[in-house]
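Participant: Take this structure, written in structure tokens, and hold onto it; I'll ask about it next.
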Amino acid sequence: MKDLKPLFPDLPNVRPIVIAGPCSVESEDQVMTTARQLAADGIKIFRGGIWKPRTSPGGFEGIGEIGLPWLKRVKEETGMLVSTEVATRAHVELALNAGVDMVWIGARTSANPFAMQEIADALKDFGKDIPVLVKNPVNPDLELWIGAMKRIYNAGIHRLGAIHRGFSTYGKHLYRNMPQWHIPIELQRRYPDLPIFCDPSHITGKRELIASVSQQALDMNFAGLIIESHCDPDAAWSDKNQQVSPEVLNVILNTLVLRDETSSTENLTLLRQQIDRINDELLELLARRMRVTCEIGQYKKEHKMPVIQQTRYNDLMERLVKNGEELGLTEDFVRNILVAIHEESVRQQLEIVNGKNPS
Ligand code: PEP
Ligand code: MN
């Protein structure tokens, strides 16, 4: 994905790009009322789900294609670009024939390579240059997410974006879909030109948390936000707990603080130089530690000792957790680092004991 193109070349280059609209298109009235209010507040891209991938049968599965002319009316009357979710070839054809400007692919669909390929082929056959946003798959698998986007890219769609909407977990949690920020951050590291959106509505599942998650996304320099907004959220046919009225959305957007990524002060530069030096030192220390690990591996091999001595590992862990706390490091942080270091040490010692590593 080397030649990514701007998603919305005709829109002013603002940050964050905001996409807003109801979870589901329900009626012409609901769509038009919501869209007029959003447009009056300066929203330029409207979302509305026509086909809804519901977890259980019997829920509202979307109004279907009769809703497409309503999106067209939104476009004609408000000038906003309109977008909807597609999950099959038929959806792509119906949406594009109805003049939809952008499509997104949902989390249940992006987890399925067959569905992704079908959508990619349909987009290619249609041959229209539209932006496509791909939500992260329900499971935290970066390669699967990238694979889904590559299928779209290989179909000739270079106006491509990603949406972080959190990941499914079992049981009750603060968030409906837990965000795992390091995954979109790694995605951005690999594809610096890929615009990444945050979907605080599907991450949180709760209106009250949308502002704080949106702010976190901006702090991490996401390109945009996709937020569910409904003219009467409590009466929404789907996802009502996480939808906000256009007025509330406006308040949320106005309270967000945009950090300026280019204003790097002298102090910041100096602090970053310190971080760079410390990182180099950390790497050197780790390398030294690994060399000692290998010597111990050699000793264990010669004395026919097992690689893992559980009590030694437990003692070491407890001692460092305690020392770490005194230094202001949280227990989780210290444990996570030690687990990673220990895993690598065990792997290297096993290679020595099994004769793969000559050292
Ligand atoms: C949606 O955007 O309405 C939707 C169904 O989202 P997700 O695929 O993230 O669950
Ligand atoms: Mn929804």
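Numbering starts fresh at 1 for the residues of each chain in the structure tokens, the chains themselves are lettered A, B, ... in the order given, and ligands are numbered from 1 as they appear.
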If you count only C-alpha atoms, which residues fall within 8 Å of A:Gln30, apart from same-chain ones fewer than 4 positions away, as number ranges by chain?
Facilitator: A: 25-26, 34, 230-231
Participant: Output N, CA, C and O atoms for every residue in that selection, as a PDB file, in the first residue's frame.
Facilitator:
ATOM      1  N   VAL A  25     -29.987   3.835   9.430  1.00  0.00           N
ATOM      2  CA  VAL A  25     -31.009   4.611   8.729  1.00  0.00           C
ATOM      3  C   VAL A  25     -32.355   3.974   9.090  1.00  0.00           C
ATOM      4  O   VAL A  25     -32.525   2.761   8.939  1.00  0.00           O
ATOM      5  N   GLU A  26     -33.275   4.761   9.634  1.00  0.00           N
ATOM      6  CA  GLU A  26     -34.562   4.188  10.092  1.00  0.00           C
ATOM      7  C   GLU A  26     -35.728   4.679   9.242  1.00  0.00           C
ATOM      8  O   GLU A  26     -36.592   3.911   8.827  1.00  0.00           O
ATOM      9  N   THR A  34     -31.760  14.469  11.276  1.00  0.00           N
ATOM     10  CA  THR A  34     -30.390  14.344  11.811  1.00  0.00           C
ATOM     11  C   THR A  34     -29.399  15.045  10.869  1.00  0.00           C
ATOM     12  O   THR A  34     -28.550  15.828  11.316  1.00  0.00           O
ATOM     13  N   HIS A 230     -27.792  10.759  16.358  1.00  0.00           N
ATOM     14  CA  HIS A 230     -29.195  10.486  16.000  1.00  0.00           C
ATOM     15  C   HIS A 230     -30.042  11.641  16.536  1.00  0.00           C
ATOM     16  O   HIS A 230     -29.773  12.135  17.646  1.00  0.00           O
ATOM     17  N   CYS A 231     -31.056  12.046  15.777  1.00  0.00           N
ATOM     18  CA  CYS A 231     -31.849  13.208  16.222  1.00  0.00           C
ATOM     19  C   CYS A 231     -32.597  12.913  17.526  1.00  0.00           C
ATOM     20  O   CYS A 231     -32.914  13.818  18.289  1.00  0.00           O
TER      21      CYS A 231
END
Participant: Once you count only C-alpha atoms and all ligand atoms, which residues end up within 7 Å of ligand 1, and could you hand them over as an mmCIF file with all heavy atoms, in the first residue's frame?
Facilitator:
data_model
loop_
_atom_site.group_PDB
_atom_site.id
_atom_site.type_symbol
_atom_site.label_atom_id
_atom_site.label_comp_id
_atom_site.auth_asym_id
_atom_site.auth_seq_id
_atom_site.Cartn_x
_atom_site.Cartn_y
_atom_site.Cartn_z
ATOM 1 N N CYS A 23 -26.438 5.319 13.705
ATOM 2 C CA CYS A 23 -26.008 3.931 13.541
ATOM 3 C C CYS A 23 -26.765 3.363 12.346
ATOM 4 O O CYS A 23 -26.175 2.906 11.388
ATOM 5 C CB CYS A 23 -26.334 3.151 14.820
ATOM 6 S SG CYS A 23 -25.984 1.397 14.697
ATOM 7 N N SER A 24 -28.109 3.453 12.416
ATOM 8 C CA SER A 24 -28.941 2.897 11.344
ATOM 9 C C SER A 24 -29.819 3.965 10.726
ATOM 10 O O SER A 24 -30.345 4.834 11.424
ATOM 11 C CB SER A 24 -29.892 1.834 11.894
ATOM 12 O OG SER A 24 -29.176 0.787 12.484
ATOM 13 N N GLY A 49 -26.153 3.531 8.525
ATOM 14 C CA GLY A 49 -26.116 2.098 8.185
ATOM 15 C C GLY A 49 -27.430 1.674 7.527
ATOM 16 O O GLY A 49 -28.503 1.835 8.100
ATOM 17 N N LYS A 52 -27.437 -3.785 8.483
ATOM 18 C CA LYS A 52 -26.826 -3.884 9.811
ATOM 19 C C LYS A 52 -26.438 -5.320 10.153
ATOM 20 O O LYS A 52 -27.310 -6.189 10.204
ATOM 21 C CB LYS A 52 -27.796 -3.383 10.894
ATOM 22 C CG LYS A 52 -28.273 -1.951 10.708
ATOM 23 C CD LYS A 52 -27.139 -0.942 10.665
ATOM 24 C CE LYS A 52 -26.285 -0.912 11.897
ATOM 25 N NZ LYS A 52 -25.151 0.027 11.737
ATOM 26 N N PRO A 53 -25.147 -5.559 10.395
ATOM 27 C CA PRO A 53 -24.735 -6.916 10.766
ATOM 28 C C PRO A 53 -25.015 -7.134 12.251
ATOM 29 O O PRO A 53 -24.218 -6.767 13.099
ATOM 30 C CB PRO A 53 -23.224 -6.883 10.508
ATOM 31 C CG PRO A 53 -22.836 -5.434 10.679
ATOM 32 C CD PRO A 53 -24.051 -4.597 10.435
ATOM 33 N N ILE A 105 -16.328 -0.756 5.831
ATOM 34 C CA ILE A 105 -16.501 -2.203 6.011
ATOM 35 C C ILE A 105 -16.453 -2.490 7.503
ATOM 36 O O ILE A 105 -15.546 -2.031 8.203
ATOM 37 C CB ILE A 105 -15.428 -2.958 5.211
ATOM 38 C CG1 ILE A 105 -15.756 -2.771 3.712
ATOM 39 C CG2 ILE A 105 -15.430 -4.438 5.553
ATOM 40 C CD1 ILE A 105 -14.606 -2.759 2.817
ATOM 41 N N GLY A 106 -17.436 -3.196 7.988
ATOM 42 C CA GLY A 106 -17.608 -3.405 9.430
ATOM 43 C C GLY A 106 -16.643 -4.434 9.996
ATOM 44 O O GLY A 106 -15.971 -5.184 9.262
ATOM 45 N N ALA A 107 -16.594 -4.469 11.321
ATOM 46 C CA ALA A 107 -15.619 -5.299 12.032
ATOM 47 C C ALA A 107 -15.871 -6.799 11.837
ATOM 48 O O ALA A 107 -14.938 -7.594 11.847
ATOM 49 C CB ALA A 107 -15.657 -4.958 13.515
ATOM 50 N N ARG A 108 -17.141 -7.176 11.673
ATOM 51 C CA ARG A 108 -17.422 -8.601 11.481
ATOM 52 C C ARG A 108 -17.049 -9.028 10.071
ATOM 53 O O ARG A 108 -16.724 -10.182 9.820
ATOM 54 C CB ARG A 108 -18.898 -8.885 11.755
ATOM 55 C CG ARG A 108 -19.274 -8.687 13.202
ATOM 56 C CD ARG A 108 -20.776 -8.445 13.352
ATOM 57 N NE ARG A 108 -21.092 -7.943 14.672
ATOM 58 C CZ ARG A 108 -20.900 -6.683 15.052
ATOM 59 N NH1 ARG A 108 -20.413 -5.793 14.195
ATOM 60 N NH2 ARG A 108 -21.197 -6.296 16.267
ATOM 61 N N LYS A 135 -12.818 -1.093 9.015
ATOM 62 C CA LYS A 135 -12.757 -1.188 10.477
ATOM 63 C C LYS A 135 -11.827 -2.333 10.887
ATOM 64 O O LYS A 135 -11.672 -3.308 10.138
ATOM 65 C CB LYS A 135 -14.155 -1.447 11.040
ATOM 66 C CG LYS A 135 -15.060 -0.225 10.922
ATOM 67 C CD LYS A 135 -16.227 -0.351 11.865
ATOM 68 C CE LYS A 135 -17.032 0.932 11.899
ATOM 69 N NZ LYS A 135 -17.931 0.985 13.051
ATOM 70 N N ARG A 165 -12.131 0.540 16.091
ATOM 71 C CA ARG A 165 -13.417 0.516 16.801
ATOM 72 C C ARG A 165 -13.371 -0.424 17.999
ATOM 73 O O ARG A 165 -14.392 -0.816 18.543
ATOM 74 C CB ARG A 165 -14.581 0.177 15.858
ATOM 75 C CG ARG A 165 -14.436 -1.044 15.015
ATOM 76 C CD ARG A 165 -14.577 -2.370 15.737
ATOM 77 N NE ARG A 165 -15.971 -2.736 15.926
ATOM 78 C CZ ARG A 165 -16.393 -3.701 16.721
ATOM 79 N NH1 ARG A 165 -15.498 -4.402 17.422
ATOM 80 N NH2 ARG A 165 -17.661 -4.005 16.834
ATOM 81 N N HIS A 202 -18.505 2.863 18.979
ATOM 82 C CA HIS A 202 -18.458 1.406 19.113
ATOM 83 C C HIS A 202 -17.417 0.946 20.121
ATOM 84 O O HIS A 202 -17.534 -0.140 20.678
ATOM 85 C CB HIS A 202 -18.275 0.742 17.740
ATOM 86 C CG HIS A 202 -19.510 0.865 16.903
ATOM 87 N ND1 HIS A 202 -19.707 1.916 16.046
ATOM 88 C CD2 HIS A 202 -20.643 0.123 16.867
ATOM 89 C CE1 HIS A 202 -20.898 1.801 15.493
ATOM 90 N NE2 HIS A 202 -21.494 0.729 15.963
#
Participant: Just the residues within 12 Å of A:Lys72, please, counting only C-alpha atoms, with nothing from its chain fewer than 2 positions along; format it as a CSV table (one decimal) with all heavy atoms, in the first residue's frame.
Facilitator:
chain,number,residue,atom,x,y,z
A,28,GLU,N,-37.1,8.2,6.5
A,28,GLU,CA,-36.7,9.4,5.8
A,28,GLU,C,-36.6,10.6,6.7
A,28,GLU,O,-35.7,11.4,6.7
A,28,GLU,CB,-37.6,9.7,4.6
A,28,GLU,CG,-37.1,10.7,3.7
A,28,GLU,CD,-37.8,10.7,2.3
A,28,GLU,OE1,-38.9,10.0,2.2
A,28,GLU,OE2,-37.3,11.4,1.4
A,31,VAL,N,-33.6,10.4,9.1
A,31,VAL,CA,-32.3,10.7,8.4
A,31,VAL,C,-32.2,12.2,8.0
A,31,VAL,O,-31.2,12.8,8.3
A,31,VAL,CB,-32.3,9.8,7.1
A,31,VAL,CG1,-31.2,10.3,6.2
A,31,VAL,CG2,-32.0,8.4,7.4
A,32,MET,N,-33.3,12.8,7.5
A,32,MET,CA,-33.2,14.2,7.1
A,32,MET,C,-33.1,15.1,8.3
A,32,MET,O,-32.3,16.1,8.3
A,32,MET,CB,-34.5,14.6,6.3
A,32,MET,CG,-34.6,13.9,4.9
A,32,MET,SD,-33.1,13.9,3.9
A,32,MET,CE,-32.8,15.7,3.8
A,35,ALA,N,-29.6,14.8,9.6
A,35,ALA,CA,-28.6,15.3,8.6
A,35,ALA,C,-28.6,16.8,8.6
A,35,ALA,O,-27.5,17.5,8.5
A,35,ALA,CB,-28.9,14.8,7.2
A,46,PHE,N,-21.5,12.4,6.2
A,46,PHE,CA,-22.7,11.7,6.9
A,46,PHE,C,-22.5,10.2,6.8
A,46,PHE,O,-22.2,9.7,5.8
A,46,PHE,CB,-24.0,12.2,6.2
A,46,PHE,CG,-25.2,11.7,6.9
A,46,PHE,CD1,-25.7,12.4,8.0
A,46,PHE,CD2,-26.0,10.7,6.4
A,46,PHE,CE1,-26.9,12.0,8.6
A,46,PHE,CE2,-27.2,10.3,7.0
A,46,PHE,CZ,-27.6,10.9,8.1
A,47,ARG,N,-22.8,9.5,7.9
A,47,ARG,CA,-22.9,8.1,7.9
A,47,ARG,C,-24.3,7.6,8.2
A,47,ARG,O,-25.0,8.3,9.0
A,47,ARG,CB,-21.9,7.5,9.0
A,47,ARG,CG,-22.2,7.8,10.4
A,47,ARG,CD,-21.7,6.7,11.4
A,47,ARG,NE,-22.6,5.6,11.4
A,47,ARG,CZ,-22.3,4.3,11.7
A,47,ARG,NH1,-21.1,4.1,12.2
A,47,ARG,NH2,-23.2,3.4,11.7
A,48,GLY,N,-24.7,6.5,7.7
A,48,GLY,CA,-26.0,5.9,8.0
A,48,GLY,C,-25.9,4.4,7.6
A,48,GLY,O,-25.7,4.1,6.4
A,65,GLU,N,-32.4,-1.5,1.0
A,65,GLU,CA,-32.2,-0.5,-0.1
A,65,GLU,C,-33.2,0.6,-0.2
A,65,GLU,O,-32.9,1.6,-0.8
A,65,GLU,CB,-32.0,-1.3,-1.4
A,65,GLU,CG,-33.2,-2.1,-1.8
A,65,GLU,CD,-32.9,-3.0,-3.0
A,65,GLU,OE1,-32.9,-2.4,-4.1
A,65,GLU,OE2,-32.7,-4.2,-2.8
A,66,ILE,N,-34.4,0.4,0.4
A,66,ILE,CA,-35.3,1.5,0.3
A,66,ILE,C,-34.8,2.8,1.0
A,66,ILE,O,-35.3,3.9,0.7
A,66,ILE,CB,-36.7,1.2,0.9
A,66,ILE,CG1,-36.6,0.8,2.4
A,66,ILE,CG2,-37.5,0.2,0.1
A,66,ILE,CD1,-37.9,0.9,3.2
A,67,GLY,N,-33.8,2.6,1.8
A,67,GLY,CA,-33.2,3.8,2.5
A,67,GLY,C,-32.2,4.6,1.6
A,67,GLY,O,-31.8,5.7,2.0
A,68,LEU,N,-31.7,3.9,0.5
A,68,LEU,CA,-30.7,4.6,-0.3
A,68,LEU,C,-31.1,5.9,-0.8
A,68,LEU,O,-30.3,6.9,-0.8
A,68,LEU,CB,-30.2,3.6,-1.3
A,68,LEU,CG,-29.3,2.4,-0.8
A,68,LEU,CD1,-29.1,1.4,-1.9
A,68,LEU,CD2,-28.0,2.9,-0.3
A,69,PRO,N,-32.3,6.0,-1.4
A,69,PRO,CA,-32.7,7.4,-1.9
A,69,PRO,C,-32.7,8.4,-0.8
A,69,PRO,O,-32.5,9.6,-1.1
A,69,PRO,CB,-34.1,7.1,-2.4
A,69,PRO,CG,-34.3,5.7,-2.6
A,69,PRO,CD,-33.3,5.0,-1.6
A,70,TRP,N,-32.9,8.0,0.5
A,70,TRP,CA,-32.9,9.0,1.5
A,70,TRP,C,-31.5,9.6,1.7
A,70,TRP,O,-31.3,10.8,2.0
A,70,TRP,CB,-33.4,8.5,2.9
A,70,TRP,CG,-34.7,7.8,2.8
A,70,TRP,CD1,-35.7,8.0,1.8
A,70,TRP,CD2,-35.2,6.7,3.6
A,70,TRP,NE1,-36.7,7.1,2.0
A,70,TRP,CE2,-36.5,6.4,3.1
A,70,TRP,CE3,-34.7,6.1,4.8
A,70,TRP,CZ2,-37.3,5.4,3.7
A,70,TRP,CZ3,-35.5,5.1,5.4
A,70,TRP,CH2,-36.8,4.8,4.8
A,74,VAL,N,-30.1,13.4,1.4
A,74,VAL,CA,-29.2,14.1,2.3
A,74,VAL,C,-28.1,14.8,1.5
A,74,VAL,O,-27.8,16.0,1.8
A,74,VAL,CB,-28.5,13.1,3.3
A,74,VAL,CG1,-27.4,13.7,4.0
A,74,VAL,CG2,-29.6,12.5,4.3
A,75,LYS,N,-27.6,14.1,0.6
A,75,LYS,CA,-26.5,14.7,-0.2
A,75,LYS,C,-27.0,15.9,-1.0
A,75,LYS,O,-26.3,16.9,-1.0
A,75,LYS,CB,-26.0,13.5,-1.2
A,75,LYS,CG,-24.9,13.8,-2.1
A,75,LYS,CD,-24.5,12.5,-2.7
A,75,LYS,CE,-24.0,12.7,-4.1
A,75,LYS,NZ,-23.1,11.6,-4.4
A,76,GLU,N,-28.1,15.8,-1.7
A,76,GLU,CA,-28.6,16.8,-2.5
A,76,GLU,C,-29.0,18.1,-1.6
A,76,GLU,O,-28.7,19.2,-2.0
A,76,GLU,CB,-29.8,16.4,-3.3
A,76,GLU,CG,-29.4,15.5,-4.5
A,76,GLU,CD,-30.5,14.6,-5.0
A,76,GLU,OE1,-31.7,14.8,-4.5
A,76,GLU,OE2,-30.3,13.9,-6.0
A,77,GLU,N,-29.6,17.8,-0.5
A,77,GLU,CA,-30.1,19.0,0.3
A,77,GLU,C,-29.1,19.6,1.2
A,77,GLU,O,-29.2,20.8,1.5
A,77,GLU,CB,-31.4,18.6,1.1
A,77,GLU,CG,-32.6,18.4,0.2
A,77,GLU,CD,-33.9,18.2,1.0
A,77,GLU,OE1,-33.9,18.6,2.1
A,77,GLU,OE2,-34.8,17.6,0.4
A,78,THR,N,-28.2,18.8,1.7
A,78,THR,CA,-27.2,19.4,2.6
A,78,THR,C,-25.8,19.6,2.1
A,78,THR,O,-25.0,20.3,2.6
A,78,THR,CB,-27.0,18.5,3.9
A,78,THR,OG1,-26.4,17.3,3.5
A,78,THR,CG2,-28.4,18.2,4.5
A,79,GLY,N,-25.5,18.9,1.0
A,79,GLY,CA,-24.2,19.0,0.4
A,79,GLY,C,-23.2,18.1,1.1
A,79,GLY,O,-22.0,18.0,0.7
A,80,MET,N,-23.6,17.4,2.1
A,80,MET,CA,-22.6,16.5,2.8
A,80,MET,C,-22.3,15.3,1.9
A,80,MET,O,-23.2,14.9,1.1
A,80,MET,CB,-23.2,15.9,4.1
A,80,MET,CG,-23.2,16.9,5.2
A,80,MET,SD,-23.6,16.2,6.8
A,80,MET,CE,-25.4,16.0,6.7
A,81,LEU,N,-21.1,14.7,2.1
A,81,LEU,CA,-20.9,13.4,1.4
A,81,LEU,C,-21.6,12.3,2.2
A,81,LEU,O,-21.7,12.5,3.4
A,81,LEU,CB,-19.4,13.1,1.4
A,81,LEU,CG,-18.5,14.1,0.7
A,81,LEU,CD1,-17.0,13.6,0.8
A,81,LEU,CD2,-18.9,14.2,-0.8
A,82,VAL,N,-22.1,11.3,1.6
A,82,VAL,CA,-22.8,10.3,2.3
A,82,VAL,C,-22.1,8.9,2.3
A,82,VAL,O,-21.5,8.6,1.3
A,82,VAL,CB,-24.3,10.1,1.9
A,82,VAL,CG1,-25.1,11.4,2.2
A,82,VAL,CG2,-24.4,9.8,0.4
A,83,SER,N,-22.2,8.2,3.4
A,83,SER,CA,-21.5,6.9,3.4
A,83,SER,C,-22.4,5.8,4.1
A,83,SER,O,-23.2,6.2,4.9
A,83,SER,CB,-20.2,7.1,4.2
A,83,SER,OG,-20.4,7.4,5.5
A,84,THR,N,-22.1,4.6,3.8
A,84,THR,CA,-22.8,3.5,4.4
A,84,THR,C,-21.9,2.3,4.5
A,84,THR,O,-20.8,2.2,3.8
A,84,THR,CB,-24.1,3.2,3.7
A,84,THR,OG1,-25.0,2.4,4.6
A,84,THR,CG2,-23.9,2.3,2.4
A,95,ALA,N,-25.3,0.4,-3.3
A,95,ALA,CA,-24.8,1.7,-2.7
A,95,ALA,C,-24.2,2.6,-3.8
A,95,ALA,O,-24.6,3.8,-3.9
A,95,ALA,CB,-23.8,1.4,-1.6
A,96,LEU,N,-23.3,2.0,-4.6
A,96,LEU,CA,-22.7,2.9,-5.6
A,96,LEU,C,-23.6,3.4,-6.7
A,96,LEU,O,-23.6,4.5,-7.1
A,96,LEU,CB,-21.5,2.2,-6.2
A,96,LEU,CG,-20.3,1.9,-5.2
A,96,LEU,CD1,-19.1,1.4,-5.9
A,96,LEU,CD2,-20.0,3.1,-4.4
A,97,ASN,N,-24.6,2.5,-7.1
A,97,ASN,CA,-25.6,2.9,-8.0
A,97,ASN,C,-26.5,4.0,-7.5
A,97,ASN,O,-27.0,4.8,-8.2
A,97,ASN,CB,-26.5,1.7,-8.5
A,97,ASN,CG,-25.8,0.9,-9.6
A,97,ASN,OD1,-25.2,1.5,-10.5
A,97,ASN,ND2,-25.9,-0.4,-9.6
A,98,ALA,N,-26.6,4.0,-6.1
A,98,ALA,CA,-27.5,5.1,-5.5
A,98,ALA,C,-26.7,6.4,-5.2
A,98,ALA,O,-27.2,7.3,-4.6
A,98,ALA,CB,-28.1,4.5,-4.2
A,99,GLY,N,-25.4,6.4,-5.6
A,99,GLY,CA,-24.6,7.6,-5.5
A,99,GLY,C,-24.0,7.8,-4.2
A,99,GLY,O,-23.6,8.9,-3.8
A,100,VAL,N,-23.9,6.7,-3.4
A,100,VAL,CA,-23.1,6.8,-2.1
A,100,VAL,C,-21.7,7.2,-2.4
A,100,VAL,O,-21.1,6.7,-3.3
A,100,VAL,CB,-23.2,5.5,-1.3
A,100,VAL,CG1,-22.2,5.4,-0.3
A,100,VAL,CG2,-24.6,5.3,-0.7
A,101,ASP,N,-21.1,8.2,-1.6
A,101,ASP,CA,-19.8,8.7,-1.9
A,101,ASP,C,-18.7,7.9,-1.3
A,101,ASP,O,-17.5,8.0,-1.7
A,101,ASP,CB,-19.7,10.1,-1.3
A,101,ASP,CG,-20.7,11.1,-1.9
A,101,ASP,OD1,-20.6,11.4,-3.1
A,101,ASP,OD2,-21.7,11.4,-1.2
Participant: From a backbone DSSP assignment, name each residue in stretch 35-78 of chain A labelled alpha helix (DSSP H), as a PyMOL selection string.
Facilitator: chain A and resi 35-40+68-78
Participant: Output the selection as a short mmCIF file (atom, residue, chain, number, x, y, z; two decimals), in the first residue's frame - all heavy atoms for each residue.
Facilitator:
data_model
loop_
_atom_site.label_atom_id
_atom_site.label_comp_id
_atom_site.auth_asym_id
_atom_site.auth_seq_id
_atom_site.Cartn_x
_atom_site.Cartn_y
_atom_site.Cartn_z
N ALA A 35 -29.55 14.78 9.58
CA ALA A 35 -28.57 15.31 8.62
C ALA A 35 -28.61 16.84 8.58
O ALA A 35 -27.55 17.48 8.55
CB ALA A 35 -28.87 14.75 7.23
N ARG A 36 -29.79 17.43 8.62
CA ARG A 36 -29.87 18.90 8.57
C ARG A 36 -29.16 19.51 9.77
O ARG A 36 -28.43 20.48 9.65
CB ARG A 36 -31.34 19.35 8.55
CG ARG A 36 -31.96 19.18 7.19
CD ARG A 36 -33.33 19.86 7.11
NE ARG A 36 -34.06 19.31 5.99
CZ ARG A 36 -35.11 18.50 6.06
NH1 ARG A 36 -35.61 18.17 7.24
NH2 ARG A 36 -35.67 18.03 4.97
N GLN A 37 -29.38 18.92 10.96
CA GLN A 37 -28.74 19.46 12.17
C GLN A 37 -27.22 19.31 12.09
O GLN A 37 -26.48 20.23 12.43
CB GLN A 37 -29.26 18.76 13.42
CG GLN A 37 -30.72 19.06 13.69
CD GLN A 37 -31.24 18.26 14.91
OE1 GLN A 37 -30.49 17.73 15.70
NE2 GLN A 37 -32.55 18.18 15.03
N LEU A 38 -26.78 18.14 11.63
CA LEU A 38 -25.33 17.92 11.55
C LEU A 38 -24.69 18.89 10.55
O LEU A 38 -23.64 19.49 10.82
CB LEU A 38 -25.02 16.47 11.15
CG LEU A 38 -25.34 15.41 12.21
CD1 LEU A 38 -25.23 14.00 11.61
CD2 LEU A 38 -24.40 15.54 13.42
N ALA A 39 -25.36 19.05 9.40
CA ALA A 39 -24.81 19.94 8.37
C ALA A 39 -24.75 21.37 8.90
O ALA A 39 -23.77 22.10 8.66
CB ALA A 39 -25.65 19.87 7.10
N ALA A 40 -25.76 21.78 9.67
CA ALA A 40 -25.78 23.15 10.22
C ALA A 40 -24.60 23.35 11.17
O ALA A 40 -24.10 24.46 11.34
CB ALA A 40 -27.09 23.42 10.93
N LEU A 68 -31.73 3.92 0.53
CA LEU A 68 -30.66 4.55 -0.25
C LEU A 68 -31.08 5.91 -0.84
O LEU A 68 -30.29 6.87 -0.80
CB LEU A 68 -30.16 3.60 -1.34
CG LEU A 68 -29.32 2.43 -0.78
CD1 LEU A 68 -29.08 1.36 -1.85
CD2 LEU A 68 -27.97 2.94 -0.26
N PRO A 69 -32.33 6.03 -1.36
CA PRO A 69 -32.71 7.36 -1.88
C PRO A 69 -32.72 8.44 -0.80
O PRO A 69 -32.52 9.62 -1.09
CB PRO A 69 -34.14 7.13 -2.41
CG PRO A 69 -34.25 5.66 -2.63
CD PRO A 69 -33.35 5.01 -1.62
N TRP A 70 -32.90 8.04 0.47
CA TRP A 70 -32.87 9.05 1.55
C TRP A 70 -31.46 9.59 1.71
O TRP A 70 -31.28 10.78 1.97
CB TRP A 70 -33.38 8.47 2.88
CG TRP A 70 -34.71 7.76 2.77
CD1 TRP A 70 -35.66 7.96 1.80
CD2 TRP A 70 -35.21 6.73 3.63
NE1 TRP A 70 -36.73 7.14 2.00
CE2 TRP A 70 -36.47 6.37 3.12
CE3 TRP A 70 -34.73 6.09 4.76
CZ2 TRP A 70 -37.25 5.38 3.71
CZ3 TRP A 70 -35.50 5.12 5.36
CH2 TRP A 70 -36.75 4.76 4.84
N LEU A 71 -30.47 8.70 1.57
CA LEU A 71 -29.08 9.18 1.64
C LEU A 71 -28.80 10.14 0.48
O LEU A 71 -28.12 11.15 0.63
CB LEU A 71 -28.10 8.01 1.60
CG LEU A 71 -28.05 7.10 2.84
CD1 LEU A 71 -26.97 6.03 2.67
CD2 LEU A 71 -27.77 7.91 4.10
N LYS A 72 -29.38 9.79 -0.68
CA LYS A 72 -29.18 10.66 -1.84
C LYS A 72 -29.77 12.04 -1.57
O LYS A 72 -29.21 13.08 -1.92
CB LYS A 72 -29.86 10.00 -3.05
CG LYS A 72 -29.42 10.60 -4.35
CD LYS A 72 -29.79 9.71 -5.51
CE LYS A 72 -29.18 10.28 -6.78
NZ LYS A 72 -29.68 9.63 -7.95
N ARG A 73 -30.92 12.03 -0.89
CA ARG A 73 -31.57 13.30 -0.57
C ARG A 73 -30.71 14.11 0.42
O ARG A 73 -30.61 15.33 0.30
CB ARG A 73 -32.96 13.01 0.02
CG ARG A 73 -33.80 14.23 0.04
CD ARG A 73 -35.25 13.96 0.41
NE ARG A 73 -35.78 15.18 1.00
CZ ARG A 73 -36.74 15.26 1.88
NH1 ARG A 73 -37.34 14.14 2.31
NH2 ARG A 73 -37.15 16.42 2.36
N VAL A 74 -30.10 13.42 1.37
CA VAL A 74 -29.19 14.10 2.31
C VAL A 74 -28.10 14.83 1.52
O VAL A 74 -27.80 16.00 1.77
CB VAL A 74 -28.54 13.09 3.28
CG1 VAL A 74 -27.37 13.71 4.04
CG2 VAL A 74 -29.57 12.53 4.25
N LYS A 75 -27.56 14.12 0.56
CA LYS A 75 -26.48 14.67 -0.24
C LYS A 75 -26.95 15.90 -1.03
O LYS A 75 -26.31 16.95 -1.01
CB LYS A 75 -26.04 13.55 -1.18
CG LYS A 75 -24.90 13.80 -2.06
CD LYS A 75 -24.54 12.48 -2.69
CE LYS A 75 -24.01 12.69 -4.09
NZ LYS A 75 -23.09 11.64 -4.45
N GLU A 76 -28.12 15.75 -1.65
CA GLU A 76 -28.62 16.85 -2.49
C GLU A 76 -29.00 18.07 -1.65
O GLU A 76 -28.73 19.20 -2.01
CB GLU A 76 -29.84 16.38 -3.30
CG GLU A 76 -29.41 15.49 -4.47
CD GLU A 76 -30.55 14.65 -5.04
OE1 GLU A 76 -31.72 14.77 -4.55
OE2 GLU A 76 -30.27 13.87 -5.96
N GLU A 77 -29.64 17.82 -0.49
CA GLU A 77 -30.14 18.97 0.28
C GLU A 77 -29.11 19.60 1.19
O GLU A 77 -29.21 20.77 1.51
CB GLU A 77 -31.38 18.56 1.10
CG GLU A 77 -32.57 18.37 0.20
CD GLU A 77 -33.87 18.18 0.98
OE1 GLU A 77 -33.94 18.60 2.15
OE2 GLU A 77 -34.79 17.60 0.40
N THR A 78 -28.15 18.81 1.67
CA THR A 78 -27.20 19.39 2.64
C THR A 78 -25.80 19.56 2.05
O THR A 78 -24.99 20.27 2.63
CB THR A 78 -27.04 18.49 3.88
OG1 THR A 78 -26.36 17.29 3.48
CG2 THR A 78 -28.37 18.15 4.53
#
Participant: Just want the residues within 12 Å of ligand 2, written as a PyMOL selection string, counting only C-alpha atoms and all ligand atoms.
Facilitator: chain A and resi 20-25+47-55+60-62+84-85+106-107+165+176-177+199-206+226-230+233+236-244
